[in-house]
Amino acid sequence: VLNVDFAPFASAEARGGPGRGAPEALPHVASVLSEVLQSPEVMKLPGLCIAEGRAAWRVTLDVYVLDADGSVVDVALLAAIAALRDTRI
């Protein structure tokens, strides 16, 4: 499960207010991260299996963007991969 959110101070667009909502980049960032992180080169899904056909670990990743003044997708992807590589089951 992947959740991506922008801090209210991340960009002018993320501050909200009348006529403003989540940044337009939010769905794009979530989509790219999801696609890359679910690829076999990044996530070894068989490694999450506890009992074949019965139980498996569930991975939840929350990405909270603090500053959206650059390449958000690249930085979010690096942070996500670093967090997953550091996780031990």
# chains A, B, ... in the order shown; residues from 1 in each chain; ligands from 1
$ select_by_dssp --residues "chain A" --states "strand (DSSP E)" --output "PyMOL selection string"
chain A and resi 2-6+49-51+55-56+61-65
$ residues_around --residues "Asp5 of chain A" --least-positions-apart "4" --cutoff "12 Å" --atoms "only C-alpha atoms" --output "list in words"
Phe9, Ala10, Ser11, Ala14, Gly21, Ala22, Pro23, Glu24, Ala25, Leu26, Pro27, His28, Val29, Ala30, Leu61, Asp62, Val63, Tyr64, Val65, Leu66, Asp67, Ala68, Val72 and Ala76 of chain A
$ residues_around --residues "Leu78 of chain A" --least-positions-apart "4" --cutoff "12 Å" --atoms "only C-alpha atoms" --output "VMD selection string"
chain A and resid 33 36 to 37 42 63 71 to 74 82 to 85
$ write_last_selection --atoms "N, CA, C and O atoms" --output "JSON list (two decimals), in the first residue's frame"
[["chain", "number", "residue", "atom", "x", "y", "z"],
["A", 33, "LEU", "N", 5.68, 6.06, -8.52],
["A", 33, "LEU", "CA", 6.25, 5.31, -7.40],
["A", 33, "LEU", "C", 5.67, 3.90, -7.32],
["A", 33, "LEU", "O", 6.39, 2.92, -7.16],
["A", 36, "VAL", "N", 7.08, 1.67, -10.22],
["A", 36, "VAL", "CA", 8.48, 1.30, -10.06],
["A", 36, "VAL", "C", 8.66, 0.36, -8.87],
["A", 36, "VAL", "O", 9.37, -0.64, -8.96],
["A", 37, "LEU", "N", 8.02, 0.66, -7.75],
["A", 37, "LEU", "CA", 8.21, -0.14, -6.54],
["A", 37, "LEU", "C", 7.63, -1.55, -6.68],
["A", 37, "LEU", "O", 8.07, -2.46, -5.99],
["A", 42, "VAL", "N", 12.74, -4.36, -8.01],
["A", 42, "VAL", "CA", 12.77, -3.59, -6.77],
["A", 42, "VAL", "C", 12.18, -4.39, -5.61],
["A", 42, "VAL", "O", 12.78, -4.50, -4.55],
["A", 63, "VAL", "N", 4.75, 8.29, 1.94],
["A", 63, "VAL", "CA", 5.69, 9.28, 1.45],
["A", 63, "VAL", "C", 5.08, 10.65, 1.72],
["A", 63, "VAL", "O", 3.99, 10.95, 1.24],
["A", 71, "SER", "N", 12.52, 17.98, -8.48],
["A", 71, "SER", "CA", 12.11, 16.71, -9.02],
["A", 71, "SER", "C", 11.55, 15.81, -7.91],
["A", 71, "SER", "O", 12.25, 14.98, -7.34],
["A", 72, "VAL", "N", 10.28, 16.00, -7.63],
["A", 72, "VAL", "CA", 9.62, 15.29, -6.53],
["A", 72, "VAL", "C", 9.64, 13.78, -6.75],
["A", 72, "VAL", "O", 9.89, 13.02, -5.83],
["A", 73, "VAL", "N", 9.40, 13.34, -7.98],
["A", 73, "VAL", "CA", 9.36, 11.91, -8.27],
["A", 73, "VAL", "C", 10.72, 11.27, -7.97],
["A", 73, "VAL", "O", 10.78, 10.23, -7.30],
["A", 74, "ASP", "N", 11.80, 11.88, -8.41],
["A", 74, "ASP", "CA", 13.14, 11.31, -8.19],
["A", 74, "ASP", "C", 13.46, 11.20, -6.71],
["A", 74, "ASP", "O", 13.92, 10.16, -6.23],
["A", 82, "ALA", "N", 15.24, 3.62, -0.29],
["A", 82, "ALA", "CA", 16.10, 3.61, 0.89],
["A", 82, "ALA", "C", 15.35, 3.05, 2.10],
["A", 82, "ALA", "O", 15.90, 2.25, 2.86],
["A", 83, "ALA", "N", 14.11, 3.47, 2.28],
["A", 83, "ALA", "CA", 13.31, 2.98, 3.41],
["A", 83, "ALA", "C", 13.06, 1.47, 3.28],
["A", 83, "ALA", "O", 13.18, 0.73, 4.26],
["A", 84, "LEU", "N", 12.72, 1.02, 2.08],
["A", 84, "LEU", "CA", 12.46, -0.41, 1.89],
["A", 84, "LEU", "C", 13.73, -1.26, 2.05],
["A", 84, "LEU", "O", 13.67, -2.36, 2.60],
["A", 85, "ARG", "N", 14.85, -0.75, 1.59],
["A", 85, "ARG", "CA", 16.11, -1.51, 1.71],
["A", 85, "ARG", "C", 16.54, -1.64, 3.17],
["A", 85, "ARG", "O", 17.22, -2.58, 3.55]]
$ atom_distance --atom1 "atom CA of Leu77 of chain A" --atom2 "atom CA of Glu35 of chain A"
10.7 Å
$ closest_residue --among "A:Val1, A:Ala79, A:Phe6, A:Ile89" --to "Gly47 of chain A" --atoms "only C-alpha atoms"
A:Ile89
$ atom_distance --atom1 "atom CA of Leu2 of chain A" --atom2 "atom CA of Asp69 of chain A"
21.8 Å
$ atom_distance --atom1 "atom CA of Gly53 of chain A" --atom2 "atom CA of Asn3 of chain A"
26.2 Å
$ select_by_dssp --residues "chain A" --states "helix (DSSP H, G or I)" --output "ChimeraX atom specification"
/A:13-15,25-37,45-48,72-86
$ write_last_selection --atoms "C-alpha atoms" --output "compact mmCIF listing (two decimals), in the first residue's frame"
# COMPACT_ATOMS: atom_id res chain seq x y z
CA GLU A 13 -0.45 24.70 -4.72
CA ALA A 14 -0.42 22.45 -1.64
CA ARG A 15 -1.41 25.23 0.76
CA ALA A 25 1.54 16.33 -9.24
CA LEU A 26 0.18 14.08 -6.47
CA PRO A 27 -1.48 11.44 -8.70
CA HIS A 28 1.54 11.40 -11.02
CA VAL A 29 4.01 10.92 -8.16
CA ALA A 30 1.90 8.14 -6.62
CA SER A 31 1.48 6.41 -9.98
CA VAL A 32 5.18 6.45 -10.88
CA LEU A 33 6.25 5.31 -7.40
CA SER A 34 3.71 2.50 -7.39
CA GLU A 35 4.76 1.27 -10.83
CA VAL A 36 8.48 1.30 -10.06
CA LEU A 37 8.21 -0.14 -6.54
CA LEU A 45 7.17 -10.37 -3.73
CA PRO A 46 7.91 -14.07 -3.06
CA GLY A 47 10.03 -12.90 -0.11
CA LEU A 48 6.89 -11.55 1.55
CA VAL A 72 9.62 15.29 -6.53
CA VAL A 73 9.36 11.91 -8.27
CA ASP A 74 13.14 11.31 -8.19
CA VAL A 75 13.56 12.28 -4.55
CA ALA A 76 10.44 10.40 -3.41
CA LEU A 77 11.61 7.28 -5.27
CA LEU A 78 15.09 7.45 -3.71
CA ALA A 79 13.58 7.90 -0.24
CA ALA A 80 11.12 5.03 -0.77
CA ILE A 81 13.80 2.62 -1.98
CA ALA A 82 16.10 3.61 0.89
CA ALA A 83 13.31 2.98 3.41
CA LEU A 84 12.46 -0.41 1.89
CA ARG A 85 16.11 -1.51 1.71
CA ASP A 86 16.51 -0.66 5.40
$ decode --residues "segment 51-86 of chain A" --atoms "N, CA and C atoms" --output "PDB file, in the first residue's frame"
ATOM      1  N   ALA A  51       3.154 -18.171   4.446  1.00  0.00           N
ATOM      2  CA  ALA A  51       2.669 -19.530   4.168  1.00  0.00           C
ATOM      3  C   ALA A  51       2.036 -19.485   2.787  1.00  0.00           C
ATOM      4  N   GLU A  52       2.618 -20.186   1.835  1.00  0.00           N
ATOM      5  CA  GLU A  52       2.185 -20.110   0.444  1.00  0.00           C
ATOM      6  C   GLU A  52       0.676 -20.328   0.299  1.00  0.00           C
ATOM      7  N   GLY A  53       0.027 -19.373  -0.338  1.00  0.00           N
ATOM      8  CA  GLY A  53      -1.414 -19.442  -0.578  1.00  0.00           C
ATOM      9  C   GLY A  53      -2.257 -19.108   0.633  1.00  0.00           C
ATOM     10  N   ARG A  54      -1.615 -18.805   1.760  1.00  0.00           N
ATOM     11  CA  ARG A  54      -2.384 -18.559   2.977  1.00  0.00           C
ATOM     12  C   ARG A  54      -2.100 -17.205   3.613  1.00  0.00           C
ATOM     13  N   ALA A  55      -0.828 -16.807   3.682  1.00  0.00           N
ATOM     14  CA  ALA A  55      -0.485 -15.577   4.396  1.00  0.00           C
ATOM     15  C   ALA A  55       0.780 -14.950   3.820  1.00  0.00           C
ATOM     16  N   ALA A  56       0.797 -13.633   3.846  1.00  0.00           N
ATOM     17  CA  ALA A  56       1.967 -12.887   3.378  1.00  0.00           C
ATOM     18  C   ALA A  56       2.037 -11.565   4.137  1.00  0.00           C
ATOM     19  N   TRP A  57       3.245 -11.029   4.212  1.00  0.00           N
ATOM     20  CA  TRP A  57       3.419  -9.711   4.810  1.00  0.00           C
ATOM     21  C   TRP A  57       2.807  -8.662   3.909  1.00  0.00           C
ATOM     22  N   ARG A  58       2.294  -7.606   4.508  1.00  0.00           N
ATOM     23  CA  ARG A  58       1.744  -6.477   3.769  1.00  0.00           C
ATOM     24  C   ARG A  58       2.674  -5.291   4.003  1.00  0.00           C
ATOM     25  N   VAL A  59       3.089  -4.665   2.924  1.00  0.00           N
ATOM     26  CA  VAL A  59       3.998  -3.527   3.009  1.00  0.00           C
ATOM     27  C   VAL A  59       3.190  -2.240   2.827  1.00  0.00           C
ATOM     28  N   THR A  60       3.347  -1.320   3.772  1.00  0.00           N
ATOM     29  CA  THR A  60       2.710  -0.005   3.689  1.00  0.00           C
ATOM     30  C   THR A  60       3.816   1.042   3.687  1.00  0.00           C
ATOM     31  N   LEU A  61       3.765   1.937   2.719  1.00  0.00           N
ATOM     32  CA  LEU A  61       4.784   2.978   2.595  1.00  0.00           C
ATOM     33  C   LEU A  61       4.094   4.329   2.505  1.00  0.00           C
ATOM     34  N   ASP A  62       4.422   5.216   3.438  1.00  0.00           N
ATOM     35  CA  ASP A  62       3.885   6.574   3.438  1.00  0.00           C
ATOM     36  C   ASP A  62       4.991   7.533   3.014  1.00  0.00           C
ATOM     37  N   VAL A  63       4.747   8.288   1.942  1.00  0.00           N
ATOM     38  CA  VAL A  63       5.695   9.285   1.454  1.00  0.00           C
ATOM     39  C   VAL A  63       5.084  10.654   1.721  1.00  0.00           C
ATOM     40  N   TYR A  64       5.768  11.455   2.520  1.00  0.00           N
ATOM     41  CA  TYR A  64       5.284  12.780   2.888  1.00  0.00           C
ATOM     42  C   TYR A  64       6.250  13.807   2.312  1.00  0.00           C
ATOM     43  N   VAL A  65       5.823  14.522   1.288  1.00  0.00           N
ATOM     44  CA  VAL A  65       6.671  15.487   0.584  1.00  0.00           C
ATOM     45  C   VAL A  65       6.702  16.796   1.370  1.00  0.00           C
ATOM     46  N   LEU A  66       7.895  17.191   1.778  1.00  0.00           N
ATOM     47  CA  LEU A  66       8.058  18.425   2.550  1.00  0.00           C
ATOM     48  C   LEU A  66       8.342  19.640   1.681  1.00  0.00           C
ATOM     49  N   ASP A  67       8.969  19.416   0.514  1.00  0.00           N
ATOM     50  CA  ASP A  67       9.299  20.531  -0.372  1.00  0.00           C
ATOM     51  C   ASP A  67       9.153  20.061  -1.815  1.00  0.00           C
ATOM     52  N   ALA A  68       8.266  20.694  -2.549  1.00  0.00           N
ATOM     53  CA  ALA A  68       7.988  20.292  -3.931  1.00  0.00           C
ATOM     54  C   ALA A  68       8.593  21.282  -4.914  1.00  0.00           C
ATOM     55  N   ASP A  69       9.818  21.685  -4.664  1.00  0.00           N
ATOM     56  CA  ASP A  69      10.469  22.675  -5.510  1.00  0.00           C
ATOM     57  C   ASP A  69      11.596  22.022  -6.300  1.00  0.00           C
ATOM     58  N   GLY A  70      11.244  20.974  -7.056  1.00  0.00           N
ATOM     59  CA  GLY A  70      12.259  20.266  -7.822  1.00  0.00           C
ATOM     60  C   GLY A  70      11.692  18.971  -8.348  1.00  0.00           C
ATOM     61  N   SER A  71      12.524  17.984  -8.478  1.00  0.00           N
ATOM     62  CA  SER A  71      12.114  16.705  -9.025  1.00  0.00           C
ATOM     63  C   SER A  71      11.554  15.815  -7.913  1.00  0.00           C
ATOM     64  N   VAL A  72      10.279  15.995  -7.631  1.00  0.00           N
ATOM     65  CA  VAL A  72       9.618  15.295  -6.534  1.00  0.00           C
ATOM     66  C   VAL A  72       9.638  13.781  -6.755  1.00  0.00           C
ATOM     67  N   VAL A  73       9.401  13.344  -7.981  1.00  0.00           N
ATOM     68  CA  VAL A  73       9.363  11.911  -8.270  1.00  0.00           C
ATOM     69  C   VAL A  73      10.716  11.270  -7.966  1.00  0.00           C
ATOM     70  N   ASP A  74      11.798  11.875  -8.408  1.00  0.00           N
ATOM     71  CA  ASP A  74      13.136  11.312  -8.189  1.00  0.00           C
ATOM     72  C   ASP A  74      13.460  11.204  -6.705  1.00  0.00           C
ATOM     73  N   VAL A  75      13.227  12.265  -5.974  1.00  0.00           N
ATOM     74  CA  VAL A  75      13.560  12.280  -4.551  1.00  0.00           C
ATOM     75  C   VAL A  75      12.658  11.321  -3.774  1.00  0.00           C
ATOM     76  N   ALA A  76      11.367  11.303  -4.098  1.00  0.00           N
ATOM     77  CA  ALA A  76      10.444  10.395  -3.414  1.00  0.00           C
ATOM     78  C   ALA A  76      10.817   8.944  -3.690  1.00  0.00           C
ATOM     79  N   LEU A  77      11.216   8.644  -4.918  1.00  0.00           N
ATOM     80  CA  LEU A  77      11.612   7.282  -5.270  1.00  0.00           C
ATOM     81  C   LEU A  77      12.883   6.866  -4.521  1.00  0.00           C
ATOM     82  N   LEU A  78      13.864   7.752  -4.459  1.00  0.00           N
ATOM     83  CA  LEU A  78      15.090   7.450  -3.707  1.00  0.00           C
ATOM     84  C   LEU A  78      14.784   7.215  -2.232  1.00  0.00           C
ATOM     85  N   ALA A  79      13.941   8.049  -1.656  1.00  0.00           N
ATOM     86  CA  ALA A  79      13.582   7.897  -0.242  1.00  0.00           C
ATOM     87  C   ALA A  79      12.822   6.594  -0.011  1.00  0.00           C
ATOM     88  N   ALA A  80      11.898   6.258  -0.907  1.00  0.00           N
ATOM     89  CA  ALA A  80      11.116   5.030  -0.769  1.00  0.00           C
ATOM     90  C   ALA A  80      12.007   3.798  -0.862  1.00  0.00           C
ATOM     91  N   ILE A  81      12.905   3.776  -1.826  1.00  0.00           N
ATOM     92  CA  ILE A  81      13.800   2.623  -1.980  1.00  0.00           C
ATOM     93  C   ILE A  81      14.736   2.511  -0.778  1.00  0.00           C
ATOM     94  N   ALA A  82      15.236   3.624  -0.292  1.00  0.00           N
ATOM     95  CA  ALA A  82      16.103   3.605   0.893  1.00  0.00           C
ATOM     96  C   ALA A  82      15.354   3.054   2.101  1.00  0.00           C
ATOM     97  N   ALA A  83      14.113   3.470   2.278  1.00  0.00           N
ATOM     98  CA  ALA A  83      13.315   2.981   3.405  1.00  0.00           C
ATOM     99  C   ALA A  83      13.057   1.472   3.280  1.00  0.00           C
ATOM    100  N   LEU A  84      12.723   1.015   2.085  1.00  0.00           N
ATOM    101  CA  LEU A  84      12.458  -0.411   1.891  1.00  0.00           C
ATOM    102  C   LEU A  84      13.725  -1.260   2.049  1.00  0.00           C
ATOM    103  N   ARG A  85      14.850  -0.754   1.587  1.00  0.00           N
ATOM    104  CA  ARG A  85      16.108  -1.513   1.708  1.00  0.00           C
ATOM    105  C   ARG A  85      16.536  -1.637   3.171  1.00  0.00           C
ATOM    106  N   ASP A  86      16.135  -0.673   3.994  1.00  0.00           N
ATOM    107  CA  ASP A  86      16.510  -0.657   5.405  1.00  0.00           C
ATOM    108  C   ASP A  86      15.545  -1.485   6.264  1.00  0.00           C
TER     109      ASP A  86
END
